[in-house]
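Student: Quick one, entry.cif (mmCIF, C-alpha atoms and all ligand atoms):
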data_query
loop_
_atom_site.label_atom_id
_atom_site.label_comp_id
_atom_site.auth_asym_id
_atom_site.auth_seq_id
_atom_site.Cartn_x
_atom_site.Cartn_y
_atom_site.Cartn_z
CA MET H 1 96.46 41.82 84.16
CA PRO H 2 98.80 38.87 83.52
CA ILE H 3 102.45 38.98 84.47
CA SER H 4 104.59 39.52 81.38
CA HIS H 5 108.25 38.56 81.51
CA ALA H 6 109.19 40.10 78.12
CA PRO H 7 109.26 43.78 79.22
CA ARG H 8 111.49 42.79 82.16
CA ARG H 9 113.91 41.16 79.76
CA GLN H 10 113.98 44.38 77.72
CA GLN H 11 114.73 46.41 80.84
CA PHE H 12 117.43 43.99 81.93
CA LEU H 13 119.03 43.93 78.46
CA GLN H 14 119.11 47.72 78.46
CA ALA H 15 120.61 47.86 81.93
CA LEU H 16 123.34 45.41 80.89
CA GLY H 17 124.79 47.84 78.36
CA GLY H 18 127.46 45.83 76.56
CA ALA H 19 127.66 43.00 79.12
CA ALA H 20 126.27 39.53 78.46
CA ALA H 21 124.42 37.86 81.33
CA VAL H 22 124.26 34.16 82.17
CA ILE H 23 121.38 33.45 84.57
CA PRO H 24 120.99 29.80 85.61
CA ALA H 25 117.82 28.20 86.92
CA ALA H 26 117.79 26.42 90.29
CA LEU H 27 118.74 22.75 90.45
CA ALA H 28 116.52 20.01 91.85
CA GLN H 29 117.40 19.39 95.51
CA ARG H 30 117.82 15.86 96.83
CA HIS H 31 115.56 14.94 99.75
CA HIS H 32 117.01 11.46 100.29
CA ALA H 33 118.21 8.58 98.12
CA ASP H 34 116.73 9.26 94.68
CA VAL H 35 113.83 11.36 96.03
CA GLU H 36 113.78 15.11 95.44
CA PHE H 37 112.15 18.04 97.26
CA PRO H 38 109.36 19.78 95.35
CA PHE H 39 111.15 22.01 92.87
CA ARG H 40 111.52 25.71 93.70
CA GLN H 41 112.74 27.87 90.82
CA ASP H 42 115.45 30.49 91.32
CA SER H 43 113.62 33.80 91.66
CA ASP H 44 115.96 35.82 89.41
CA PHE H 45 115.61 33.20 86.67
CA TRP H 46 111.83 33.07 87.18
CA TYR H 47 111.51 36.86 87.09
CA LEU H 48 113.12 36.98 83.66
CA THR H 49 111.70 33.81 82.10
CA GLY H 50 108.66 32.34 83.90
CA PHE H 51 110.22 28.96 83.07
CA ASP H 52 109.73 26.42 85.85
CA GLU H 53 112.15 23.59 85.09
CA PRO H 54 115.39 22.85 86.94
CA GLY H 55 118.84 23.18 85.45
CA ALA H 56 118.03 25.53 82.58
CA VAL H 57 120.30 28.46 81.69
CA ALA H 58 119.21 31.80 80.24
CA LEU H 59 121.54 34.05 78.24
CA PHE H 60 120.92 37.76 77.77
CA LEU H 61 123.03 39.06 74.94
CA PRO H 62 122.68 42.77 74.19
CA HIS H 63 125.61 42.47 71.77
CA ARG H 64 123.46 40.16 69.59
CA PRO H 65 120.38 42.34 69.16
CA GLU H 66 118.81 40.02 66.56
CA ASN H 67 118.44 37.19 69.15
CA PRO H 68 119.34 38.49 72.60
CA PHE H 69 117.38 35.93 74.69
CA VAL H 70 118.65 32.35 74.48
CA LEU H 71 117.47 29.45 76.64
CA PHE H 72 119.26 26.18 77.25
CA VAL H 73 116.71 23.66 78.54
CA ALA H 74 116.40 19.95 79.21
CA ALA H 75 115.62 18.21 75.93
CA LYS H 76 112.37 16.34 75.57
CA ASP H 77 112.81 12.71 76.57
CA PRO H 78 109.82 10.36 76.93
CA LEU H 79 111.75 7.99 79.20
CA VAL H 80 112.46 10.74 81.73
CA GLU H 81 109.11 12.48 81.27
CA VAL H 82 107.24 9.31 82.18
CA TRP H 83 108.82 9.61 85.66
CA ASP H 84 109.09 13.36 86.18
CA GLY H 85 106.36 14.84 84.00
CA CYS H 86 106.26 16.87 80.85
CA ARG H 87 109.14 19.11 79.80
CA TRP H 88 108.79 22.02 77.41
CA GLY H 89 111.91 21.18 75.43
CA THR H 90 113.54 23.59 73.02
CA GLU H 91 110.38 24.07 70.93
CA GLY H 92 108.34 25.01 73.98
CA ALA H 93 111.08 27.35 75.17
CA VAL H 94 110.69 29.34 71.94
CA ALA H 95 106.93 29.02 71.40
CA GLU H 96 105.73 29.43 75.00
CA PHE H 97 108.49 31.35 76.75
CA GLY H 98 109.62 33.75 74.07
CA ALA H 99 113.20 32.56 73.67
CA ASP H 100 114.76 33.86 70.45
CA LEU H 101 116.75 30.63 70.26
CA ALA H 102 116.77 27.50 72.41
CA HIS H 103 119.16 24.57 72.69
CA PRO H 104 119.34 21.36 74.68
CA LEU H 105 121.24 21.77 77.92
CA ASP H 106 123.94 19.33 76.92
CA GLN H 107 125.06 21.81 74.25
CA LEU H 108 125.77 24.57 76.76
CA GLU H 109 129.49 23.96 77.07
CA GLU H 110 129.96 23.81 73.32
CA LEU H 111 127.83 26.85 72.40
CA LEU H 112 128.45 29.22 75.30
CA PRO H 113 131.80 30.59 73.96
CA GLN H 114 130.33 31.69 70.64
CA TYR H 115 127.31 33.31 72.27
CA LEU H 116 129.46 35.28 74.72
CA GLN H 117 132.05 36.26 72.10
CA GLY H 118 131.89 40.02 71.56
CA ALA H 119 130.45 40.96 74.95
CA GLU H 120 132.35 43.71 76.78
CA ALA H 121 131.81 42.08 80.15
CA LEU H 122 130.25 38.95 81.61
CA CYS H 123 127.45 39.18 84.12
CA PHE H 124 127.17 36.10 86.34
CA ARG H 125 126.61 35.45 90.03
CA VAL H 126 129.61 33.48 91.28
CA GLY H 127 129.22 31.16 94.26
CA ARG H 128 125.64 30.10 93.53
CA HIS H 129 125.62 27.88 90.47
CA PRO H 130 128.20 25.11 90.77
CA GLN H 131 127.33 23.46 87.46
CA VAL H 132 127.59 26.58 85.31
CA GLU H 133 130.36 28.46 87.12
CA PRO H 134 133.31 26.28 85.97
CA LEU H 135 132.18 26.60 82.33
CA LEU H 136 131.80 30.33 82.61
CA LEU H 137 135.13 30.90 84.36
CA LYS H 138 137.02 28.67 81.93
CA LEU H 139 135.46 30.49 79.00
CA TRP H 140 136.42 33.85 80.50
CA ALA H 141 139.97 32.65 81.17
CA ASP H 142 140.22 31.55 77.53
CA GLN H 143 138.96 34.95 76.38
CA LEU H 144 141.54 36.70 78.58
CA ASP H 145 144.29 34.49 77.15
CA ARG H 146 143.31 35.39 73.63
CA ALA H 147 142.50 39.03 74.22
CA PRO H 148 146.04 40.38 73.53
CA ARG H 149 146.00 38.80 70.07
CA ARG H 150 142.36 39.39 69.23
CA GLY H 151 142.16 42.79 70.85
CA SER H 152 138.74 41.91 72.23
CA GLY H 153 137.14 39.92 75.00
CA ALA H 154 135.25 40.54 78.19
CA ASP H 155 137.49 42.36 80.64
CA ARG H 156 135.14 42.33 83.64
CA LEU H 157 132.96 39.90 85.53
CA LEU H 158 129.93 41.69 86.94
CA ALA H 159 127.32 40.59 89.44
CA PRO H 160 123.78 40.69 88.02
CA CYS H 161 122.28 41.46 91.43
CA PRO H 162 122.52 45.26 91.47
CA LEU H 163 120.73 45.54 88.11
CA LEU H 164 118.24 42.76 88.54
CA HIS H 165 117.40 43.38 92.15
CA ALA H 166 116.80 47.06 91.57
CA LEU H 167 114.16 45.97 89.03
CA ARG H 168 112.66 43.36 91.37
CA LEU H 169 112.47 45.84 94.25
CA ARG H 170 110.00 48.05 92.37
CA LYS H 171 106.89 46.01 91.66
CA GLU H 172 104.86 46.46 88.49
CA PRO H 173 101.06 46.92 88.77
CA ALA H 174 100.55 43.27 87.74
CA GLU H 175 102.90 42.15 90.50
CA LEU H 176 101.02 44.24 93.05
CA GLU H 177 97.84 42.44 91.96
CA ARG H 178 99.47 39.09 92.64
CA LEU H 179 100.79 40.23 96.00
CA ARG H 180 97.26 41.45 96.87
CA LEU H 181 95.93 37.98 96.11
CA ALA H 182 98.67 36.25 98.12
CA ALA H 183 97.91 38.58 101.02
CA GLN H 184 94.17 37.96 100.72
CA ILE H 185 94.50 34.15 100.74
CA SER H 186 96.96 34.34 103.63
CA ALA H 187 94.60 36.61 105.58
CA GLU H 188 91.66 34.24 105.01
CA ALA H 189 93.69 31.39 106.47
CA HIS H 190 94.50 33.42 109.59
CA GLU H 191 90.81 34.12 110.09
CA LEU H 192 89.99 30.40 109.73
CA ALA H 193 92.77 29.46 112.11
CA ARG H 194 91.61 31.83 114.83
CA ALA H 195 88.07 30.50 114.56
CA MET H 196 89.18 26.91 115.27
CA VAL H 197 91.49 27.53 118.20
CA ARG H 198 90.50 26.25 121.65
CA PRO H 199 92.53 24.92 124.57
CA GLY H 200 93.65 21.38 123.74
CA VAL H 201 93.82 21.87 119.98
CA ASN H 202 97.31 21.02 118.72
CA GLU H 203 99.54 23.54 116.93
CA ALA H 204 99.80 20.96 114.13
CA GLU H 205 96.02 20.98 113.58
CA VAL H 206 96.06 24.74 113.20
CA ARG H 207 98.94 24.50 110.75
CA ALA H 208 97.05 21.86 108.77
CA LYS H 209 93.98 24.10 108.57
CA ILE H 210 96.09 26.94 107.20
CA LYS H 211 97.85 24.73 104.67
CA GLY H 212 94.52 23.23 103.59
CA HIS H 213 93.18 26.67 102.82
CA PHE H 214 96.31 27.69 100.94
CA LEU H 215 96.05 24.61 98.72
CA ALA H 216 92.29 24.85 98.29
CA ARG H 217 92.75 28.41 97.01
CA GLY H 218 95.20 27.21 94.38
CA SER H 219 98.45 28.44 95.88
CA ARG H 220 101.57 26.29 96.07
CA GLY H 221 101.32 26.14 99.85
CA PHE H 222 103.42 27.78 102.54
CA ALA H 223 105.70 30.59 101.45
CA TYR H 224 108.12 29.74 104.30
CA PRO H 225 108.20 27.37 107.26
CA SER H 226 105.15 28.54 109.16
CA ILE H 227 105.24 29.25 112.86
CA VAL H 228 102.27 28.12 114.96
CA ALA H 229 103.54 28.78 118.43
CA GLY H 230 101.53 28.55 121.64
CA GLY H 231 102.69 30.35 124.80
CA ASP H 232 106.44 30.40 125.36
CA ASN H 233 107.07 28.71 121.98
CA ALA H 234 106.34 32.11 120.46
CA CYS H 235 109.53 33.43 122.09
CA ILE H 236 111.56 31.12 119.81
CA LEU H 237 111.61 33.27 116.71
CA HIS H 238 112.02 30.41 114.24
CA TYR H 239 109.87 27.86 116.07
CA THR H 240 108.79 25.37 113.42
CA ALA H 241 108.13 22.17 115.41
CA ASN H 242 104.47 23.26 115.51
CA ASN H 243 103.32 20.18 117.40
CA ALA H 244 102.39 21.16 120.97
CA PRO H 245 98.89 21.21 122.44
CA LEU H 246 97.55 24.73 123.01
CA ARG H 247 97.06 25.63 126.66
CA ASP H 248 94.31 27.54 128.37
CA GLY H 249 95.70 30.94 129.34
CA ASP H 250 98.42 31.08 126.66
CA LEU H 251 98.61 33.22 123.57
CA LEU H 252 98.98 31.68 120.11
CA LEU H 253 101.31 33.34 117.60
CA ILE H 254 100.78 32.32 113.96
CA ASP H 255 103.24 33.47 111.28
CA ALA H 256 102.08 32.00 107.97
CA GLY H 257 101.69 33.11 104.38
CA CYS H 258 101.03 31.42 101.07
CA SER H 259 103.07 31.32 97.89
CA LEU H 260 101.11 31.63 94.66
CA SER H 261 101.71 29.51 91.57
CA ASP H 262 103.98 32.28 90.25
CA HIS H 263 105.81 32.62 93.59
CA TYR H 264 104.34 35.89 94.86
CA ASN H 265 104.07 35.58 98.62
CA GLY H 266 102.11 36.65 101.65
CA ASP H 267 103.68 36.95 105.11
CA ILE H 268 101.32 37.58 108.03
CA THR H 269 101.62 37.21 111.78
CA ARG H 270 98.73 37.40 114.21
CA THR H 271 98.66 36.69 117.94
CA PHE H 272 95.57 36.00 120.05
CA PRO H 273 94.49 34.25 123.26
CA VAL H 274 93.90 30.50 123.04
CA ASN H 275 90.89 30.69 125.37
CA GLY H 276 89.45 33.83 123.75
CA ARG H 277 90.33 36.23 126.60
CA PHE H 278 93.54 38.22 127.10
CA SER H 279 95.02 38.29 130.60
CA GLY H 280 95.91 41.78 131.85
CA GLU H 281 99.60 41.31 131.03
CA GLN H 282 98.87 39.82 127.63
CA ARG H 283 96.53 42.66 126.76
CA ALA H 284 99.00 45.31 127.91
CA LEU H 285 101.74 43.89 125.70
CA TYR H 286 99.36 43.27 122.80
CA ASP H 287 98.17 46.88 122.91
CA LEU H 288 101.78 48.01 122.95
CA VAL H 289 102.85 45.90 119.96
CA LEU H 290 99.76 47.04 118.06
CA ALA H 291 100.49 50.69 118.86
CA ALA H 292 104.07 50.20 117.63
CA GLN H 293 102.84 48.47 114.48
CA LEU H 294 100.28 51.18 113.67
CA ALA H 295 102.84 53.92 114.24
CA ALA H 296 105.35 52.09 112.05
CA LEU H 297 102.74 51.50 109.32
CA ALA H 298 102.02 55.22 109.26
CA GLN H 299 105.67 55.76 108.35
CA VAL H 300 105.33 53.70 105.17
CA GLN H 301 105.04 56.36 102.51
CA PRO H 302 107.11 57.62 99.60
CA GLY H 303 110.15 59.57 100.68
CA HIS H 304 110.52 57.81 104.03
CA THR H 305 112.88 54.90 104.66
CA ALA H 306 112.56 51.37 106.08
CA GLU H 307 114.89 52.57 108.81
CA GLN H 308 112.35 55.20 109.87
CA VAL H 309 109.71 52.47 110.00
CA HIS H 310 111.91 50.38 112.29
CA ASP H 311 113.00 53.30 114.47
CA THR H 312 109.40 54.34 114.98
CA ALA H 313 108.39 50.87 116.14
CA VAL H 314 111.36 50.68 118.51
CA ARG H 315 110.60 54.05 120.07
CA VAL H 316 106.94 53.22 120.72
CA LEU H 317 107.89 49.83 122.19
CA VAL H 318 110.56 51.30 124.43
CA GLU H 319 108.26 54.05 125.72
CA GLY H 320 105.58 51.48 126.48
CA LEU H 321 107.98 49.06 128.12
CA CYS H 322 109.14 51.89 130.39
CA SER H 323 105.52 52.63 131.33
CA LEU H 324 104.97 48.96 132.17
CA GLY H 325 108.15 48.80 134.29
CA LEU H 326 109.89 46.33 131.98
CA LEU H 327 112.56 48.91 131.11
CA GLN H 328 113.87 51.89 132.99
CA GLY H 329 115.85 54.99 132.03
CA SER H 330 115.63 57.62 129.33
CA VAL H 331 113.97 56.48 126.13
CA ASP H 332 116.76 58.00 124.01
CA GLY H 333 119.44 56.25 126.04
CA LEU H 334 117.65 52.90 125.96
CA VAL H 335 117.17 53.13 122.19
CA GLU H 336 120.76 54.18 121.62
CA GLN H 337 122.19 51.39 123.80
CA GLY H 338 119.80 48.77 122.41
CA ALA H 339 118.80 47.98 126.00
CA TYR H 340 115.45 46.65 124.73
CA ARG H 341 116.94 43.82 122.68
CA HIS H 342 116.26 41.10 125.25
CA LEU H 343 112.57 41.84 124.52
CA TYR H 344 112.65 42.88 120.84
CA MET H 345 115.56 41.36 118.96
CA HIS H 346 114.67 41.51 115.26
CA ARG H 347 114.17 44.17 112.62
CA THR H 348 110.70 45.53 111.92
CA GLY H 349 110.39 44.28 108.35
CA HIS H 350 111.82 43.23 105.03
CA TRP H 351 111.08 43.57 101.32
CA LEU H 352 108.45 41.14 100.04
CA GLY H 353 107.96 39.77 96.53
CA LEU H 354 109.02 36.64 94.68
CA ASP H 355 111.06 35.84 97.76
CA VAL H 356 109.54 36.30 101.20
CA HIS H 357 112.73 37.97 102.33
CA ASP H 358 112.92 39.66 98.98
CA VAL H 359 115.92 41.09 97.20
CA GLY H 360 116.80 44.77 97.06
CA ALA H 361 119.19 46.91 99.01
CA TYR H 362 118.16 48.49 102.31
CA ARG H 363 121.13 50.84 102.26
CA LEU H 364 123.25 52.22 99.44
CA GLY H 365 126.52 53.09 101.10
CA GLU H 366 125.72 55.41 103.97
CA HIS H 367 122.21 56.15 102.75
CA PRO H 368 119.09 54.18 103.62
CA VAL H 369 117.03 53.40 100.52
CA THR H 370 114.08 55.75 100.13
CA LEU H 371 110.64 54.16 99.86
CA GLU H 372 109.10 54.57 96.40
CA PRO H 373 105.75 53.58 94.89
CA GLY H 374 105.88 49.90 93.97
CA MET H 375 108.05 48.79 96.86
CA VAL H 376 106.44 46.22 99.15
CA LEU H 377 107.57 45.50 102.67
CA THR H 378 106.41 43.83 105.85
CA VAL H 379 105.88 45.71 109.11
CA GLU H 380 106.25 43.26 111.97
CA PRO H 381 107.19 44.50 115.42
CA GLY H 382 106.94 42.12 118.35
CA LEU H 383 107.77 41.50 121.99
CA TYR H 384 109.10 38.22 123.36
CA VAL H 385 109.34 37.90 127.13
CA SER H 386 111.32 34.91 128.40
CA ASP H 387 114.38 33.93 130.39
CA ARG H 388 116.46 33.10 127.37
CA LEU H 389 118.43 36.33 127.07
CA PRO H 390 120.09 38.11 129.99
CA VAL H 391 118.48 41.32 131.21
CA PRO H 392 120.96 44.13 130.43
CA GLU H 393 122.74 45.67 133.39
CA GLY H 394 120.68 48.38 135.00
CA GLN H 395 117.37 47.05 133.65
CA PRO H 396 114.67 45.57 135.88
CA ALA H 397 114.41 41.82 136.42
CA ILE H 398 111.33 40.46 134.68
CA ASP H 399 108.48 39.38 136.91
CA ASP H 400 107.21 35.84 136.21
CA ARG H 401 103.77 37.12 135.27
CA TRP H 402 105.17 38.51 132.00
CA LYS H 403 107.11 35.43 130.98
CA GLY H 404 105.97 33.15 128.19
CA ILE H 405 104.30 35.99 126.32
CA GLY H 406 105.43 36.26 122.70
CA ILE H 407 103.57 38.65 120.40
CA ARG H 408 104.16 39.75 116.83
CA ILE H 409 101.80 41.56 114.48
CA GLU H 410 102.87 41.49 110.84
CA ASP H 411 101.26 43.06 107.78
CA ASP H 412 102.35 43.38 104.14
CA VAL H 413 102.34 46.93 102.82
CA ALA H 414 102.70 48.36 99.33
CA VAL H 415 104.07 51.87 98.93
CA LEU H 416 101.77 53.82 96.60
CA PRO H 417 101.96 57.37 95.21
CA GLY H 418 101.05 59.57 98.16
CA GLY H 419 100.68 56.78 100.70
CA ALA H 420 100.52 53.05 101.24
CA GLU H 421 98.14 50.11 101.05
CA VAL H 422 98.01 47.45 103.76
CA LEU H 423 97.56 44.34 101.62
CA THR H 424 96.75 42.10 104.57
CA ALA H 425 93.95 44.16 106.14
CA ALA H 426 91.52 41.22 105.86
CA ALA H 427 93.39 39.55 108.72
CA LEU H 428 91.88 41.32 111.71
CA LYS H 429 94.07 42.58 114.52
CA ALA H 430 91.96 44.83 116.76
CA PRO H 431 92.07 43.48 120.32
CA SER H 432 88.29 43.03 120.34
CA ALA H 433 88.52 40.85 117.20
CA MET H 434 91.24 38.73 118.80
CA GLU H 435 88.88 37.84 121.68
CA ARG H 436 86.03 35.37 121.40
CA GLN H 437 82.64 36.52 122.55
CA LEU H 438 81.47 33.97 125.13
N1 LIG H 501 108.41 34.33 108.93
C1 LIG H 501 109.32 35.08 108.22
C2 LIG H 501 109.19 36.50 108.48
O1 LIG H 501 108.22 36.96 109.01
O2 LIG H 501 110.05 37.26 108.14
MN MN H 502 106.29 36.36 108.93
MN MN H 503 108.18 38.72 107.66
#
Would you mind writing the structure in this file as structure tokens?

Tutor:
Amino acid sequence: MPISHAPRRQQFLQALGGAAAVIPAALAQRHHADVEFPFRQDSDFWYLTGFDEPGAVALFLPHRPENPFVLFVAAKDPLVEVWDGCRWGTEGAVAEFGADLAHPLDQLEELLPQYLQGAEALCFRVGRHPQVEPLLLKLWADQLDRAPRRGSGADRLLAPCPLLHALRLRKEPAELERLRLAAQISAEAHELARAMVRPGVNEAEVRAKIKGHFLARGSRGFAYPSIVAGGDNACILHYTANNAPLRDGDLLLIDAGCSLSDHYNGDITRTFPVNGRFSGEQRALYDLVLAAQLAALAQVQPGHTAEQVHDTAVRVLVEGLCSLGLLQGSVDGLVEQGAYRHLYMHRTGHWLGLDVHDVGAYRLGEHPVTLEPGMVLTVEPGLYVSDRLPVPEGQPAIDDRWKGIGIRIEDDVAVLPGGAEVLTAAALKAPSAMERQL
């Protein structure tokens, strides 16, 4: 079931009412001198167009129903293409990407006013697109100047995010298929990584194995800076140096997921012993994180909220930490005061889609967003025991035997009618699977 961008454009055009939207592509990012980073398209632009070139601009014009989708793209130019590769040009934009009309980018300034003339409002994300924003604001200012005489002109500037991100939050069946594949490839890489780990192997070698699998399976590579963190490195939440030798007796935390050619992402974390055997303390904390994760996963179902998922994980963790003597006091009080945050300092998950930390509101005003079929989120509780954060007053000092243990278990979950599907189940997590049979 291929991804089709046209129905999304129809939905977006309908949601716009009488407003005209200007949605720019991402720009190429400079690495150094005249060298650029690999191009990453803007996810809103990609969602609506599937067009993978930098600098383009898409117009959505419900007030021009005969040609509501207009693309401005880089013109074909053999001299540039010989360096940077083939461009689609205006003909390709129409023939391959369904634009009703297409123009070279250098005509944007000249043509934008006539295309936006007659729209009731302009829909554009300010603060993100420095090349398009001055054109758009000048055009709007001109319309406002003329409005008293003409009696027409856009009177509001709207953000596209509430409309567009509400669409992106609810995945279509074809998107769920892609997320299943991203999860599957990501899970395979975790299985390969665990099989190669021994004391003395470097974090970088494990990372290379994972990246090799992602590329061999046809994905673009890492969906985000992966974390391959032995021992205490796992207590640095965004550890990305990934270059230390793995030590006998430590755990290894791997947070890695692939990004497919069309940007759908996996995001998986697994933690296991480098030498194939948990110590008593490691096993106790692993069992606790797994219990929290399973309890939180069970909360992923239509009608519940991401907040319930998080609160469930926190409660299980806090109860377990009290049993292990790492916290003391009433569970309700500890949860309310956040007295666990020196051991668990992040949220339990996020939306997942074209972006790893995907768009979509978590709250609307006072109300947490209710989970609905088609929403996809991660469930990723953890525990990180180190000296870095102060122990809250009244809580027990941490014995050295617990320190340097960082554990997270992260799965990707799709909300389905009547339940949920763990997309990443092929990455094992049972304690017995995390140990190596000697
Ligand atoms: N590594 C990014 C995340 O798990 O959210
Ligand atoms: Mn992750
Ligand atoms: Mn995540």

Student: Neighbours of ligand MN 502 (chain H) at 6 Å or closer, counting all atoms listed in the file: which residues, as a PyMOL selection string?

Tutor: chain H and resi 255+267-269

Student: Draw an axis-aligned box over all listed atoms of ligand LIG 501 (chain H), pad each side with 6 Å, and write its centre and edge lengths in Å, one decimal, as JSON.

Tutor:
{"center_x": 109.1, "center_y": 35.8, "center_z": 108.6, "size_x": 13.8, "size_y": 14.9, "size_z": 12.9}

Student: Can you tell me how far CA of Lys429 (chain H) sits from CA of Ala414 (chain H), in Å to one decimal?

Tutor: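 Between these atoms lies a distance of 18.4 Å.
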
Student: Hey, which of H:Gln282, H:Asn265, H:Ser386, H:Ser323 ends up closest to ligand MN 503 (chain H)? Count only C-alpha atoms and all ligand atoms.

Tutor: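 Of H:Gln282, H:Asn265, H:Ser386, H:Ser323, the one nearest ligand MN 503 (chain H) is H:Asn265, counting only C-alpha atoms and all ligand atoms.
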
Student: Just want the residues within 8 Å of ligand LIG 501 (chain H), written as a VMD selection string, counting only C-alpha atoms and all ligand atoms.

Tutor: chain H and resid 224 to 227 238 255 to 256 267 to 269 349 to 350 356 to 357 378 380 410

Student: Using all atoms listed in the file, determine which residues lie at most 7 Å from region 46-54 of chain H, disregarding the query and same-chain residues fewer than 4 positions distant; provide the list as a ChimeraX atom specification.

Tutor: /H:5,8-9,25-28,41-42,97

Student: Calculated over only C-alpha atoms and all ligand atoms, which of the candidates H:Gly257, H:Gly394, H:Gly406, H:Gly89 has the smallest distance to ligand MN 503 (chain H)?

Tutor: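 Using only C-alpha atoms and all ligand atoms, the shortest distance to ligand MN 503 (chain H) belongs to H:Gly257.
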
Student: Mind giving me the straight-line distance from CA of Gly221 (chain H) to CA of Gln184 (chain H) in Å, one decimal?

Tutor: 13.8 Å

Student: I want to know what sits within 9 Å of region 333-344 of chain H, based on all atoms listed in the file, with residues of the same chain fewer than 4 positions away left out; could you give that as a compact mmCIF listing (two decimals) with C-alpha atoms, in the frame of the given file?

Tutor:
# COMPACT_ATOMS: atom_id res chain seq x y z
CA ASP H 311 113.00 53.30 114.47
CA VAL H 314 111.36 50.68 118.51
CA ARG H 315 110.60 54.05 120.07
CA LEU H 317 107.89 49.83 122.19
CA VAL H 318 110.56 51.30 124.43
CA LEU H 321 107.98 49.06 128.12
CA LEU H 327 112.56 48.91 131.11
CA GLN H 328 113.87 51.89 132.99
CA GLY H 329 115.85 54.99 132.03
CA PRO H 381 107.19 44.50 115.42
CA GLY H 382 106.94 42.12 118.35
CA LEU H 383 107.77 41.50 121.99
CA TYR H 384 109.10 38.22 123.36
CA VAL H 385 109.34 37.90 127.13
CA SER H 386 111.32 34.91 128.40
CA ARG H 388 116.46 33.10 127.37
CA LEU H 389 118.43 36.33 127.07
CA PRO H 390 120.09 38.11 129.99
CA VAL H 391 118.48 41.32 131.21
CA PRO H 392 120.96 44.13 130.43
CA GLU H 393 122.74 45.67 133.39
CA GLN H 395 117.37 47.05 133.65

Student: Name all residues at most 7 Å from region 55-60 of chain H (count all atoms listed in the file; drop same-chain ones fewer than 3 positions away) and give them as a PyMOL selection string.

Tutor: chain H and resi 13+20-27+68-74+105

Student: List every residue of region 120-229 of chain H that has an atom at most 6 Å from any atom of region 359-366 of chain H, and for each one report the closest atom pair and its distance in Å to one decimal, counting all atoms listed in the file, with rows sorted by chain and then by increasing residue number, as a tab-separated table.

Tutor:
residue	atom	partner	partner_atom	distance
H:His165	CA	H:Gly360	CA	5.1
H:Ala166	CA	H:Gly360	CA	5.9
H:Leu169	CA	H:Gly360	CA	5.3

Student: Mind pulling up the distance from CA of Arg217 (chain H) to CA of Leu253 (chain H)?

Tutor: 22.8 Å

Student: Which is closer to Gln117 (chain H) than all the others in H:Gly18, H:Gly230, H:Pro173, H:Gly200, using only C-alpha atoms?

Tutor: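 Under the stated criterion, the closest residue is H:Gly18.
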
Student: H:Ala229, H:Leu260, H:Leu423, H:Ile409: which is nearest ligand MN 503 (chain H), counting all atoms listed in the file?

Tutor: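 Of all the options, H:Ile409 lies closest to ligand MN 503 (chain H).
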
Student: Could you please give me, as a VMD selection string, the residues of protein, DNA or RNA lying at most 6 Å from (97.2, 42.6, 104.6) in the coordinate frame of the file, considering all atoms listed in the file?

Tutor: chain H and resid 183 411 to 412 422 to 426

Student: Once you have the residues from the selection above, write them out as a compact mmCIF listing (two decimals), in the coordinates of the input, restricted to C-alpha atoms.

Tutor:
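Just written: part_19.txt:
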# COMPACT_ATOMS: atom_id res chain seq x y z
CA ALA H 183 97.91 38.58 101.02
CA ASP H 411 101.26 43.06 107.78
CA ASP H 412 102.35 43.38 104.14
CA VAL H 422 98.01 47.45 103.76
CA LEU H 423 97.56 44.34 101.62
CA THR H 424 96.75 42.10 104.57
CA ALA H 425 93.95 44.16 106.14
CA ALA H 426 91.52 41.22 105.86

Student: Choose the residue, out of H:Leu416, H:Gly266, H:Gln293, H:Leu122, that has the smallest atom-to-atom separation from ligand MN 503 (chain H); count all atoms listed in the file.

Tutor: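 Distance minimum relative to ligand MN 503 (chain H) lands on H:Gly266.
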
Student: Neighbourhood query: residues within 10 Å of (99.1, 33.8, 118.9), file coordinates, counting all atoms listed in the file; return as a ChimeraX atom specification.

Tutor: /H:194,197,227-231,233-234,250-255,269-274,405-409,434

Student: Considering all atoms listed in the file, return as a ChimeraX atom specification whatever protein or nucleic-acid residues lie within 12 Å of Ala119 (chain H), sequence-local ones (same chain, fewer than 6 positions apart) excluded.

Tutor: /H:16-22,59-65,68,112-113,140,143,152-157
